[in-house]
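Undergrad: Here you go, entry34.cif (mmCIF, C-alpha atoms):
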data_coords
#
loop_
_atom_site.label_atom_id
_atom_site.label_comp_id
_atom_site.auth_asym_id
_atom_site.auth_seq_id
_atom_site.Cartn_x
_atom_site.Cartn_y
_atom_site.Cartn_z
CA MET E 18 121.73 121.99 80.87
CA ALA E 19 123.90 124.36 78.85
CA LYS E 20 127.39 124.99 80.16
CA GLY E 21 128.30 128.54 81.16
CA LEU E 22 131.51 130.27 80.15
CA LEU E 23 131.80 132.24 83.41
CA VAL E 24 131.39 129.10 85.50
CA THR E 25 134.04 127.40 83.38
CA TYR E 26 136.50 130.26 83.89
CA ALA E 27 135.82 130.23 87.64
CA LEU E 28 136.51 126.50 87.87
CA TRP E 29 139.58 126.97 85.69
CA ALA E 30 140.92 129.65 88.03
CA PHE E 31 140.29 127.87 91.35
CA GLY E 32 140.54 124.19 90.41
CA GLY E 33 142.02 124.15 86.94
CA LEU E 34 145.22 122.33 87.89
CA ALA E 35 143.04 119.45 89.08
CA GLY E 36 140.85 119.55 85.95
CA LEU E 37 137.60 120.71 87.60
CA HIS E 38 136.58 122.77 84.57
CA HIS E 39 137.00 119.75 82.31
CA LEU E 40 134.91 117.65 84.68
CA TYR E 41 132.20 120.32 84.51
CA LEU E 42 132.29 120.25 80.70
CA GLY E 43 132.12 116.45 80.53
CA ARG E 44 135.70 116.09 79.30
CA ASP E 45 136.62 113.30 81.71
CA SER E 46 139.77 112.17 79.91
CA HIS E 47 141.11 115.72 79.94
CA ALA E 48 140.18 116.04 83.61
CA LEU E 49 142.08 112.86 84.48
CA LEU E 50 145.08 114.03 82.47
CA TRP E 51 145.18 117.29 84.41
CA MET E 52 144.75 115.45 87.73
CA LEU E 53 147.77 113.26 86.99
CA THR E 54 150.01 116.03 85.60
CA LEU E 55 148.81 119.06 87.60
CA GLY E 56 147.51 120.81 84.55
CA GLY E 57 150.34 119.70 82.30
CA GLY E 58 152.95 121.10 84.68
CA GLY E 59 150.98 124.36 84.81
CA LEU E 60 151.82 125.22 81.20
CA GLY E 61 148.81 123.43 79.73
CA TRP E 62 146.56 125.04 82.30
CA LEU E 63 147.75 128.54 81.34
CA TRP E 64 147.51 127.82 77.62
CA GLU E 65 143.85 126.78 78.06
CA PHE E 66 142.82 130.30 79.03
CA TRP E 67 142.31 131.11 75.35
CA LYS E 68 140.73 127.74 74.54
CA LEU E 69 137.91 127.71 77.11
CA PRO E 70 135.29 129.37 74.87
CA SER E 71 135.77 126.67 72.24
CA PHE E 72 135.59 123.96 74.91
CA VAL E 73 132.29 125.35 76.19
CA ALA E 74 130.88 125.62 72.66
CA GLN E 75 131.93 122.04 71.93
CA ALA E 76 130.29 120.77 75.14
CA ASN E 77 127.02 122.57 74.39
CA ARG E 78 127.08 121.39 70.79
CA ALA E 79 127.58 117.80 71.94
CA GLN E 80 124.65 118.11 74.35
CA GLY E 81 122.43 119.36 71.58
CA GLN E 82 123.12 116.78 68.88
CA ARG E 83 124.79 113.87 70.71
CA GLN E 84 126.66 112.97 67.54
CA ASN E 85 130.14 113.34 66.20
CA PRO E 86 131.10 113.23 62.53
CA GLN E 87 131.21 109.57 61.54
CA GLY E 88 133.30 108.18 58.69
CA ARG E 89 135.71 111.11 58.90
CA THR E 90 139.24 111.19 60.28
CA PRO E 91 140.11 114.05 62.66
CA PRO E 92 142.80 116.40 61.37
CA LEU E 93 146.36 115.62 62.35
CA SER E 94 147.47 117.69 65.34
CA PRO E 95 151.22 118.09 66.02
CA ILE E 96 150.39 119.40 69.49
CA ARG E 97 148.35 116.30 70.35
CA PHE E 98 151.11 114.06 68.97
CA ALA E 99 153.78 115.83 71.04
CA ALA E 100 151.55 115.59 74.13
CA GLN E 101 151.09 111.87 73.52
CA VAL E 102 154.85 111.31 73.40
CA ILE E 103 155.49 113.41 76.52
CA VAL E 104 152.68 111.86 78.58
CA GLY E 105 153.73 108.38 77.43
CA ILE E 106 157.24 109.09 78.72
CA TYR E 107 155.77 110.50 81.93
CA PHE E 108 153.69 107.37 82.52
CA GLY E 109 156.73 105.23 81.71
CA LEU E 110 158.90 107.03 84.28
CA ALA E 111 156.13 106.65 86.85
CA ALA E 112 156.01 102.92 86.10
CA LEU E 113 159.80 102.66 86.46
CA ILE E 114 159.48 104.14 89.93
CA GLY E 115 156.46 102.21 91.17
CA LEU E 116 156.34 98.91 89.23
CA SER E 117 159.92 97.96 88.39
CA PHE E 118 159.84 95.18 91.00
CA MET E 119 157.67 93.10 88.64
CA ASP E 120 159.42 90.12 87.06
CA THR E 121 157.76 90.86 83.73
CA PHE E 122 158.05 94.62 84.01
CA TYR E 123 159.77 95.31 80.67
CA PHE E 124 157.44 92.92 78.86
CA VAL E 125 154.14 93.90 80.51
CA GLY E 126 154.25 96.75 83.04
CA LEU E 127 156.27 99.34 81.12
CA PRO E 128 154.60 99.05 77.67
CA LEU E 129 151.16 98.90 79.28
CA ALA E 130 151.79 102.08 81.31
CA ILE E 131 153.19 104.00 78.33
CA GLY E 132 150.39 102.81 76.03
CA LEU E 133 147.73 103.92 78.51
CA GLY E 134 149.38 107.34 78.81
CA VAL E 135 149.33 107.76 75.03
CA LEU E 136 145.71 106.61 74.84
CA LEU E 137 144.69 109.04 77.58
CA VAL E 138 145.89 111.98 75.48
CA ALA E 139 144.34 110.44 72.37
CA ALA E 140 140.96 110.41 74.16
CA VAL E 141 141.01 114.12 75.05
CA GLY E 142 138.06 116.06 73.61
CA ASN E 143 135.89 114.43 70.96
CA GLN E 144 138.65 112.19 69.60
CA THR E 145 139.99 108.77 70.52
CA SER E 146 142.11 106.03 68.98
CA ASP E 147 142.29 102.27 68.62
CA ILE E 148 143.26 100.72 71.96
CA LYS E 149 144.36 97.36 70.60
CA ASN E 150 146.72 98.65 67.89
CA THR E 151 148.27 101.26 70.18
CA LEU E 152 149.02 98.75 72.93
CA VAL E 153 150.33 96.20 70.43
CA ALA E 154 152.81 98.79 69.12
CA ALA E 155 154.00 99.44 72.68
CA PHE E 156 154.33 95.74 73.52
CA LEU E 157 156.23 94.95 70.31
CA THR E 158 158.70 97.81 70.83
CA SER E 159 159.46 97.11 74.50
CA PRO E 160 161.54 93.88 74.11
CA ILE E 161 163.92 95.65 71.70
CA PHE E 162 165.07 97.94 74.54
CA TYR E 163 164.74 95.39 77.35
CA GLY E 164 166.27 96.49 80.65
CA ARG E 165 167.03 100.06 79.60
CA PRO E 166 165.26 103.01 81.24
CA ILE E 167 165.60 104.92 77.95
CA ALA E 168 163.10 102.42 76.53
CA VAL E 169 160.33 104.84 77.53
CA LEU E 170 161.22 107.12 74.60
CA PRO E 171 161.01 104.68 71.64
CA ILE E 172 158.00 102.89 73.14
CA SER E 173 156.16 106.19 73.54
CA LEU E 174 157.07 107.23 69.99
CA ALA E 175 155.85 103.93 68.52
CA ALA E 176 152.59 104.05 70.48
CA SER E 177 151.98 107.72 69.61
CA ILE E 178 152.55 107.16 65.90
CA THR E 179 150.14 104.22 65.95
CA ALA E 180 147.55 106.19 67.92
CA GLN E 181 147.74 109.02 65.40
CA LYS E 182 147.41 106.60 62.51
CA HIS E 183 144.20 105.15 63.99
CA ARG E 184 142.70 108.39 65.32
CA ARG E 185 138.94 108.80 64.99
CA TYR E 186 136.02 110.64 66.48
CA LYS E 187 134.32 109.23 69.55
CA ILE E 188 131.00 107.45 69.21
CA SER E 189 128.43 109.47 71.16
CA GLU E 190 126.76 107.66 74.03
CA GLY E 191 124.20 108.55 76.64
CA SER E 192 125.31 110.73 79.52
CA GLU E 193 126.39 109.13 82.81
CA THR E 194 125.66 110.32 86.31
CA LEU E 195 128.29 112.41 88.07
CA SER E 196 128.79 109.73 90.74
CA VAL E 197 129.67 107.09 88.14
CA ARG E 198 132.10 109.45 86.41
CA LEU E 199 133.78 110.39 89.69
CA TYR E 200 134.03 106.73 90.67
CA ARG E 201 135.77 105.89 87.41
CA LEU E 202 138.14 108.86 87.68
CA GLY E 203 138.94 107.95 91.28
CA LEU E 204 139.88 104.39 90.36
CA ALA E 205 142.09 105.60 87.52
CA TYR E 206 143.79 108.14 89.80
CA LEU E 207 144.48 105.53 92.49
CA ALA E 208 145.81 103.06 89.92
CA PHE E 209 148.37 105.67 88.82
CA THR E 210 149.38 107.14 92.18
CA GLY E 211 149.13 104.01 94.37
CA PRO E 212 152.37 102.28 93.30
CA ILE E 213 154.29 105.56 93.32
CA ALA E 214 153.03 106.49 96.79
CA TYR E 215 153.94 103.06 98.14
CA SER E 216 157.48 103.26 96.76
CA ALA E 217 157.96 106.84 97.92
CA PHE E 218 156.76 106.45 101.50
CA TYR E 219 157.78 102.86 102.32
CA ASN E 220 161.04 102.58 100.42
CA THR E 221 162.14 106.18 100.11
CA ALA E 222 165.89 105.67 99.82
CA ALA E 223 165.62 103.04 97.10
CA THR E 224 163.05 105.13 95.24
CA LEU E 225 165.29 108.22 95.30
CA SER E 226 168.21 106.20 94.01
CA TYR E 227 166.15 104.64 91.24
CA VAL E 228 164.63 107.97 90.18
CA ALA E 229 168.09 109.53 90.00
CA ASP E 230 169.37 106.59 87.92
CA THR E 231 166.36 106.88 85.62
CA PHE E 232 166.90 110.62 85.13
CA ASP E 233 170.59 109.94 84.54
CA SER E 234 169.90 107.42 81.79
CA PHE E 235 167.14 109.52 80.27
CA LEU E 236 169.12 112.77 80.17
CA GLY E 237 172.21 110.90 79.02
CA TRP E 238 170.33 110.24 75.78
CA PHE E 239 170.59 113.98 75.06
CA SER E 240 174.32 114.27 75.83
CA PHE E 241 175.08 115.06 72.17
CA PHE E 242 172.44 117.84 72.18
CA PRO E 243 173.24 119.99 75.26
CA PHE E 244 170.54 122.58 74.63
CA LEU E 245 167.85 119.92 74.25
CA GLY E 246 169.14 118.13 77.35
CA HIS E 247 168.94 121.33 79.40
CA SER E 248 165.40 121.91 78.16
CA VAL E 249 164.28 118.41 79.12
CA GLU E 250 165.88 118.75 82.55
CA SER E 251 164.04 122.04 83.08
CA VAL E 252 160.75 120.34 82.24
CA LEU E 253 161.47 117.52 84.71
CA LEU E 254 162.23 120.07 87.43
CA LEU E 255 159.18 122.23 86.66
CA PRO E 256 156.91 120.69 89.37
CA TYR E 257 159.61 121.34 91.96
CA TRP E 258 159.97 125.02 91.04
CA ILE E 259 156.19 125.48 91.01
CA TRP E 260 156.05 123.99 94.49
CA ARG E 261 158.84 126.27 95.75
CA LEU E 262 157.12 129.27 94.18
CA LEU E 263 153.85 128.47 95.96
CA VAL E 264 155.06 127.42 99.42
CA GLY E 265 158.71 128.46 99.60
CA ASP E 266 160.85 126.25 101.83
CA LEU E 267 158.15 125.48 104.39
CA GLY E 268 156.94 122.34 102.67
CA PHE E 269 160.33 120.62 102.89
CA ASN E 270 161.27 121.04 106.52
CA SER E 271 161.11 117.39 107.54
CA GLY E 272 160.28 113.82 106.68
CA TYR E 273 159.87 112.57 103.19
CA PHE E 274 159.52 116.03 101.64
CA GLN E 275 163.06 116.75 102.73
CA GLU E 276 164.20 113.56 101.02
CA TRP E 277 162.45 114.53 97.79
CA GLU E 278 164.01 117.98 97.90
CA LYS E 279 167.38 116.30 98.04
CA LEU E 280 166.45 114.42 94.92
CA TYR E 281 165.60 117.55 92.96
CA GLU E 282 168.71 119.35 94.13
CA PHE E 283 170.67 116.27 93.12
CA VAL E 284 169.35 116.05 89.55
CA SER E 285 171.41 118.92 88.13
CA SER E 286 174.68 117.42 89.42
CA PHE E 287 174.01 113.71 89.71
CA HIS E 288 176.68 112.76 87.16
CA ASP E 289 179.54 113.84 89.41
CA GLU E 290 177.72 112.63 92.52
CA LYS E 291 177.31 109.13 91.11
CA ARG E 292 181.01 108.96 90.27
CA GLN E 293 181.97 110.01 93.80
CA LEU E 294 179.74 107.30 95.27
CA ALA E 295 181.16 104.78 92.82
CA TYR E 296 184.73 105.59 93.93
CA GLN E 297 183.67 105.06 97.55
CA VAL E 298 182.08 101.69 96.78
CA LEU E 299 185.27 100.50 95.06
CA GLY E 300 187.46 101.94 97.83
CA LEU E 301 189.30 104.32 95.51
CA SER E 302 190.12 108.00 95.53
CA GLU E 303 188.91 110.31 92.78
CA GLY E 304 191.12 110.32 89.71
CA ALA E 305 192.03 106.64 89.94
CA THR E 306 193.28 105.15 86.69
CA ASN E 307 191.30 102.66 84.64
CA GLU E 308 193.72 99.93 85.66
CA GLU E 309 193.16 100.68 89.37
CA ILE E 310 189.40 100.70 88.86
CA HIS E 311 189.47 97.38 87.08
CA GLN E 312 191.79 95.79 89.66
CA SER E 313 189.65 96.94 92.60
CA TYR E 314 186.53 95.73 90.85
CA ARG E 315 187.94 92.25 90.28
CA GLN E 316 189.09 91.94 93.90
CA LEU E 317 185.76 93.06 95.37
CA VAL E 318 183.75 90.85 93.03
CA LYS E 319 185.73 87.81 94.23
CA ILE E 320 185.13 88.77 97.86
CA TRP E 321 181.41 89.53 97.61
CA HIS E 322 180.26 87.05 94.98
CA PRO E 323 177.06 85.39 96.34
CA ASP E 324 178.45 81.92 95.57
CA HIS E 325 181.27 82.56 98.05
CA ASN E 326 179.05 83.95 100.82
CA HIS E 327 176.38 81.38 101.58
CA HIS E 328 176.28 82.47 105.23
CA GLN E 329 175.25 86.05 104.26
CA THR E 330 173.54 85.68 100.90
CA GLU E 331 171.40 88.83 101.03
CA GLU E 332 174.25 91.10 102.11
CA ALA E 333 176.56 89.60 99.51
CA GLN E 334 174.02 90.03 96.73
CA ARG E 335 173.43 93.66 97.70
CA ARG E 336 177.16 94.46 97.80
CA PHE E 337 177.77 92.54 94.57
CA LEU E 338 175.16 94.62 92.73
CA GLU E 339 176.57 97.84 94.19
CA ILE E 340 180.06 96.91 93.01
CA GLN E 341 178.82 96.13 89.51
CA ALA E 342 176.86 99.40 89.32
CA ALA E 343 179.89 101.38 90.55
CA TYR E 344 182.17 99.76 87.99
CA GLU E 345 179.70 100.45 85.19
CA THR E 346 179.47 104.10 86.24
CA LEU E 347 183.24 104.59 86.26
CA SER E 348 183.62 102.75 82.97
CA HIS E 349 181.73 105.53 81.18
CA PRO E 350 183.70 108.64 80.24
CA ARG E 351 183.12 111.69 82.40
CA LYS E 352 180.61 114.12 80.93
CA PRO E 353 181.64 117.77 80.72
CA LYS E 354 180.32 120.08 83.37
CA ARG E 355 177.77 122.66 82.44
CA SER E 356 178.68 126.28 82.49
#
Take the structure in the file and give it back as structure tokens.

TA:
Amino acid sequence: MAKGLLVTYALWAFGGLAGLHHLYLGRDSHALLWMLTLGGGGLGWLWEFWKLPSFVAQANRAQGQRQNPQGRTPPLSPIRFAAQVIVGIYFGLAALIGLSFMDTFYFVGLPLAIGLGVLLVAAVGNQTSDIKNTLVAAFLTSPIFYGRPIAVLPISLAASITAQKHRRYKISEGSETLSVRLYRLGLAYLAFTGPIAYSAFYNTAATLSYVADTFDSFLGWFSFFPFLGHSVESVLLLPYWIWRLLVGDLGFNSGYFQEWEKLYEFVSSFHDEKRQLAYQVLGLSEGATNEEIHQSYRQLVKIWHPDHNHHQTEEAQRRFLEIQAAYETLSHPRKPKRS
């Protein structure tokens, strides 16, 4: 059955952020991408308004001939490449929040998540890429930046470059029933959101702390390029501002939503906030000298070292890690405040 432009625009208007119009057109990869990113943060959804006629024409053309050009390489698209890098980073940050408890996270979990994000964008429309080569690039890059949250950026770049190098048109196959397609999309959606939901609702405080640390490390990469850093921060905060625009303050009156609002309000000033917390952990007042910081650190490490506290191992390990993190924070030079 031919796809209608009016129906597509209606689905775009009322369910576009969830990718309903792409599901209608048989663009399942694009639908999943929109489900996981809320229409690309809303910006991709708005930009599609002018692209819907070409999407409908492509869907009807595919129904008619069931073939894509074989033996030809799709043209290079800077927009697709940029989207691959961004979505790869997005998937990597989600993995840092929900899967970082894995022992092999930086060797398996992180590169796999980023590679799948890049491949999801690569599979939008009538194009795709080589799964094996893309994932291999991600897995080979990950150990170089082991243990660093900023690893999401080089891994995503390596995977995106490889995916672009091996881009090709999809091989046309027979159509699947809607139930099978929805089942597959549902599994993919749960695989992405499940770990994040578990971390957010069952370990909220630790999740908030880890997200803030991740944003800190990620935005710290742009400290030499203030304008670019501000732009990236605005993109990270975009879902929050969209939510506030739609529901105002009502959605954050209690419970976990209130905790997440604290996170977003914290992002723009977390550098100073982390230093204040670090001073408290080390038992110092703000403005303490480097010598005082080092002396306090050495004293507290001796007191709370796990080898000296066999009767309270868990408490000692927790305090020991807090002390180390506080010392590392205060060892970095203070970043200038934004005007």

Undergrad: If I take CA of Ala175 in chain E and CA of Trp64 in chain E, how far is one from the other in Å, to one decimal?

TA: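 Distance reported for this atom pair: 26.9 Å.
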
Undergrad: So what do you get for CA of Tyr215 in chain E versus CA of Pro128 in chain E, distance-wise?

TA: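 Going from CA of Tyr215 in chain E over to CA of Pro128 in chain E covers 20.9 Å.
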
Undergrad: One decimal, in Å: what's the spacing between CA of Val318 in chain E and CA of Met119 in chain E?

TA: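 Interatomic distance here is 26.5 Å.
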
Undergrad: Please enumerate the residues selected by the PyMOL selection byres ((chain E and resi 164) around 12) when evaluated against the supplied file, formatted as a PyMOL selection string.

TA: chain E and resi 113+117+120-124+127+159-163+165-169+231+234

Undergrad: Taking the file above as input, evaluate the PyMOL selection byres ((chain E and resi 36) around 7) and report the hits as a PyMOL selection string.

TA: chain E and resi 32-35+37-40+48-49+51-52+56

Undergrad: Convert the current residue selection to file output with C-alpha atoms, as an mmCIF file, keeping the file's coordinate frame.

TA:
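File produced: part.cif:
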data_model
loop_
_atom_site.group_PDB
_atom_site.id
_atom_site.type_symbol
_atom_site.label_atom_id
_atom_site.label_comp_id
_atom_site.auth_asym_id
_atom_site.auth_seq_id
_atom_site.Cartn_x
_atom_site.Cartn_y
_atom_site.Cartn_z
ATOM 1 C CA GLY E 32 140.540 124.190 90.410
ATOM 2 C CA GLY E 33 142.020 124.150 86.940
ATOM 3 C CA LEU E 34 145.220 122.330 87.890
ATOM 4 C CA ALA E 35 143.040 119.450 89.080
ATOM 5 C CA LEU E 37 137.600 120.710 87.600
ATOM 6 C CA HIS E 38 136.580 122.770 84.570
ATOM 7 C CA HIS E 39 137.000 119.750 82.310
ATOM 8 C CA LEU E 40 134.910 117.650 84.680
ATOM 9 C CA ALA E 48 140.180 116.040 83.610
ATOM 10 C CA LEU E 49 142.080 112.860 84.480
ATOM 11 C CA TRP E 51 145.180 117.290 84.410
ATOM 12 C CA MET E 52 144.750 115.450 87.730
ATOM 13 C CA GLY E 56 147.510 120.810 84.550
#

Undergrad: Run the PyMOL selection byres ((chain E and resi 317) around 10) on the file and write out the hits as a PyMOL selection string.

TA: chain E and resi 298-300+312-316+318-322+336-337+340-341

Undergrad: Which residue out of E:Leu63, E:Leu338, E:Ala100, E:Leu199 has the minimum interatomic distance to Val141 in chain E when all atoms listed in the file are used?

TA: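 Residue with the minimum atom-to-atom distance to Val141 in chain E: E:Ala100.
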
Undergrad: Using all atoms listed in the file, can you list as a VMD selection string the residues within 10 Å of (189.7, 107.1, 86.7)?

TA: chain E and resid 292 296 301 to 311 347 to 351

Undergrad: Which one of E:Leu170, E:Ala176, E:Ala205, E:Ala343 sits closest to Asp45 in chain E if you count all atoms listed in the file?

TA: E:Ala205

Undergrad: Write out as number ranges by chain the residues lying within 9 Å of Tyr107 in chain E, counting only C-alpha atoms and excluding same-chain residues fewer than 6 positions away.

TA: E: 54, 131, 134, 169

Undergrad: With only C-alpha atoms as the basis for distance, which of E:Ala180, E:Leu22, E:Ile148, E:Leu60 is at the shortest distance from Ala76 in chain E?

TA: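 When distances to Ala76 in chain E are compared using only C-alpha atoms, the smallest one comes from E:Leu22.
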